[in-house]
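Visitor: Structure file data.cif, mmCIF, C-alpha atoms, pLDDT in the B column; chains and numbers go by the auth columns, is pasted below:
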```cif
data_input
#
loop_
_atom_site.group_PDB
_atom_site.id
_atom_site.type_symbol
_atom_site.label_atom_id
_atom_site.label_comp_id
_atom_site.label_asym_id
_atom_site.label_seq_id
_atom_site.Cartn_x
_atom_site.Cartn_y
_atom_site.Cartn_z
_atom_site.B_iso_or_equiv
_atom_site.auth_seq_id
_atom_site.auth_asym_id
ATOM 1 C CA MET A 1 176.710 129.451 201.264 77.00 1 A
ATOM 2 C CA ALA A 2 175.171 126.571 199.427 86.00 2 A
ATOM 3 C CA LEU A 3 176.480 123.389 197.869 90.00 3 A
ATOM 4 C CA ILE A 4 175.135 123.091 194.326 93.00 4 A
ATOM 5 C CA GLN A 5 175.294 120.225 191.867 92.00 5 A
ATOM 6 C CA TYR A 6 174.607 121.318 188.298 92.00 6 A
ATOM 7 C CA ARG A 7 174.963 118.707 185.603 90.00 7 A
ATOM 8 C CA ASP A 8 178.380 117.132 186.280 90.00 8 A
ATOM 9 C CA GLN A 9 179.708 120.095 188.317 90.00 9 A
ATOM 10 C CA CYS A 10 179.601 120.433 192.092 94.00 10 A
ATOM 11 C CA PHE A 11 180.344 123.886 193.531 95.00 11 A
ATOM 12 C CA GLU A 12 179.700 126.177 196.474 94.00 12 A
ATOM 13 C CA THR A 13 178.426 129.702 196.489 95.00 13 A
ATOM 14 C CA SER A 14 180.447 132.258 198.417 94.00 14 A
ATOM 15 C CA PRO A 15 178.797 134.202 201.251 94.00 15 A
ATOM 16 C CA GLY A 16 176.343 136.716 199.750 93.00 16 A
ATOM 17 C CA GLU A 17 176.702 135.235 196.260 95.00 17 A
ATOM 18 C CA THR A 18 173.702 134.018 194.284 95.00 18 A
ATOM 19 C CA VAL A 19 173.673 130.695 192.465 96.00 19 A
ATOM 20 C CA LEU A 20 173.721 132.569 189.156 97.00 20 A
ATOM 21 C CA GLU A 21 176.732 134.660 190.201 97.00 21 A
ATOM 22 C CA ALA A 22 178.600 131.491 191.204 96.00 22 A
ATOM 23 C CA MET A 23 177.763 129.819 187.899 96.00 23 A
ATOM 24 C CA LEU A 24 179.010 132.808 185.931 96.00 24 A
ATOM 25 C CA ARG A 25 182.159 133.004 188.078 96.00 25 A
ATOM 26 C CA LEU A 26 182.908 129.379 187.255 95.00 26 A
ATOM 27 C CA GLY A 27 182.118 129.769 183.552 95.00 27 A
ATOM 28 C CA LEU A 28 179.134 127.421 183.668 95.00 28 A
ATOM 29 C CA PRO A 29 176.418 127.871 181.050 93.00 29 A
ATOM 30 C CA ALA A 30 173.483 129.894 182.389 94.00 30 A
ATOM 31 C CA SER A 31 170.611 131.687 180.688 94.00 31 A
ATOM 32 C CA PHE A 32 169.854 135.059 182.230 96.00 32 A
ATOM 33 C CA SER A 33 168.807 138.599 181.408 96.00 33 A
ATOM 34 C CA CYS A 34 167.928 141.069 184.169 95.00 34 A
ATOM 35 C CA GLN A 35 169.707 139.406 187.150 94.00 35 A
ATOM 36 C CA ALA A 36 167.028 140.990 189.381 94.00 36 A
ATOM 37 C CA GLY A 37 164.281 138.351 189.486 94.00 37 A
ATOM 38 C CA SER A 38 161.957 140.162 187.097 94.00 38 A
ATOM 39 C CA CYS A 39 162.383 138.378 183.765 95.00 39 A
ATOM 40 C CA HIS A 40 162.449 134.742 185.002 96.00 40 A
ATOM 41 C CA VAL A 41 164.803 133.788 182.135 96.00 41 A
ATOM 42 C CA CYS A 42 167.189 132.114 184.595 96.00 42 A
ATOM 43 C CA MET A 43 164.539 129.970 186.323 97.00 43 A
ATOM 44 C CA MET A 44 165.847 126.569 187.385 96.00 44 A
ATOM 45 C CA ARG A 45 164.514 123.605 189.325 96.00 45 A
ATOM 46 C CA ALA A 46 165.979 122.162 192.497 95.00 46 A
ATOM 47 C CA ILE A 47 165.406 118.426 192.690 93.00 47 A
ATOM 48 C CA GLU A 48 166.889 118.066 196.195 92.00 48 A
ATOM 49 C CA GLY A 49 167.361 120.249 199.231 92.00 49 A
ATOM 50 C CA SER A 50 165.619 123.440 200.204 91.00 50 A
ATOM 51 C CA VAL A 51 165.309 126.668 198.268 92.00 51 A
ATOM 52 C CA PRO A 52 165.402 130.046 200.049 91.00 52 A
ATOM 53 C CA GLU A 53 162.012 131.767 200.032 93.00 53 A
ATOM 54 C CA LEU A 54 163.491 134.881 198.386 94.00 54 A
ATOM 55 C CA ALA A 55 164.609 132.790 195.402 96.00 55 A
ATOM 56 C CA GLN A 56 160.974 131.816 194.791 97.00 56 A
ATOM 57 C CA HIS A 57 159.508 135.308 195.132 95.00 57 A
ATOM 58 C CA GLY A 58 157.203 136.017 192.186 95.00 58 A
ATOM 59 C CA ILE A 59 157.120 132.428 190.947 96.00 59 A
ATOM 60 C CA PRO A 60 153.619 130.928 190.672 96.00 60 A
ATOM 61 C CA PRO A 61 152.915 128.704 193.711 96.00 61 A
ATOM 62 C CA GLU A 62 152.415 125.608 191.563 97.00 62 A
ATOM 63 C CA LEU A 63 155.953 125.997 190.140 97.00 63 A
ATOM 64 C CA ALA A 64 157.475 126.900 193.504 96.00 64 A
ATOM 65 C CA SER A 65 155.996 123.724 194.998 96.00 65 A
ATOM 66 C CA LEU A 66 157.827 121.750 192.297 96.00 66 A
ATOM 67 C CA GLY A 67 161.173 123.290 193.315 96.00 67 A
ATOM 68 C CA TYR A 68 161.497 126.023 190.700 97.00 68 A
ATOM 69 C CA PHE A 69 163.526 129.039 191.790 97.00 69 A
ATOM 70 C CA LEU A 70 165.376 132.079 190.469 97.00 70 A
ATOM 71 C CA PRO A 71 169.132 131.516 190.832 97.00 71 A
ATOM 72 C CA CYS A 72 169.718 135.285 190.468 97.00 72 A
ATOM 73 C CA GLN A 73 168.073 135.803 193.857 95.00 73 A
#
```
Just give me the structure as structure tokens.

Guide:
Amino acid sequence: MALIQYRDQCFETSPGETVLEAMLRLGLPASFSCQAGSCHVCMMRAIEGSVPELAQHGIPPELASLGYFLPCQ
């Protein structure tokens, strides 16, 4: 579970749920395509907190160090 603030919305993910799945469940706007971490269309940036390593798999290190992650992971 994670507490997420996106724009003016604050929400929690359910156990085993990705950030993208939670956003879609709540009807929040989200760009996505493959939902498998391959296309990187859904890439977002965390400005606070920690990002799970899996959510940064395949992202260039320079972007990962800036907090970019794949919410579908």

Visitor: I want to know what sits within 8 Å of Ser14 (chain A), based on all atoms listed in the file, with residues of the same chain fewer than 5 positions away left out; could you give that as a list in words?

Guide: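 The neighbour list is Met1, Ala2 and Ala22 of chain A.
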
Visitor: Using the chain letters and numbers from the file, which residues does the PyMOL selection byres ((chain A and resi 49) around 12) grab, as JSON, numbers by chain?

Guide: {"A": [2, 3, 4, 5, 45, 46, 47, 48, 50, 51, 52, 66, 67, 68]}

Visitor: Restricting the calculation to all atoms listed in the file, which member of A:Leu54, A:Val19, A:Cys72, A:Leu63 is positioned closest to Gln35 (chain A)?

Guide: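 Among the listed residues, the smallest separation from Gln35 (chain A) belongs to A:Cys72.
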
Visitor: Which residues would end up in the selection if the PyMOL selection byres ((chain A and resi 70) around 9) were applied here, given that I need the answer as a PyMOL selection string?

Guide: chain A and resi 19-20+37+40-45+54-57+59+68-69+71-73

Visitor: Just how far from CA of Arg25 (chain A) is CA of Ser65 (chain A), in Å to one decimal?

Guide: 28.6 Å

Visitor: Counting all atoms listed in the file, which residue out of A:Pro15, A:Glu53, A:Gln9, A:Pro61 sits closest to Gly27 (chain A)?

Guide: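 Checking each candidate against Gly27 (chain A), we get A:Gln9 as the closest.
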
Visitor: Taking all atoms of region 49-54 of chain A that the file lists and extending 5 Å past them on each side, where is the centre of the axis-aligned box and how long are its edges? Answer in Å to one decimal, as AutoDock Vina command-line options.

Guide:
```
--center_x 164.7 --center_y 127.6 --center_z 199.2 --size_x 15.3 --size_y 24.6 --size_z 11.9
```

Visitor: Interatomic distance between CA of Ala64 (chain A) and CA of Pro29 (chain A)?

Guide: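 Value for the CA of Ala64 (chain A)-CA of Pro29 (chain A) distance: 22.7 Å.
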
Visitor: Go through A:Gly58, A:Ser38, A:Leu26, A:Ser33 one by one, measure the shortest atom-to-atom distance of each to Tyr6 (chain A) using only C-alpha atoms, and give the residue with the smallest value.

Guide: A:Leu26

Visitor: Have a look at CA of Pro60 (chain A) and CA of Ala36 (chain A) and let me know their distance in Å, one decimal.

Guide: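 Taking CA of Pro60 (chain A) as the start and CA of Ala36 (chain A) as the end point, the length is 16.8 Å.
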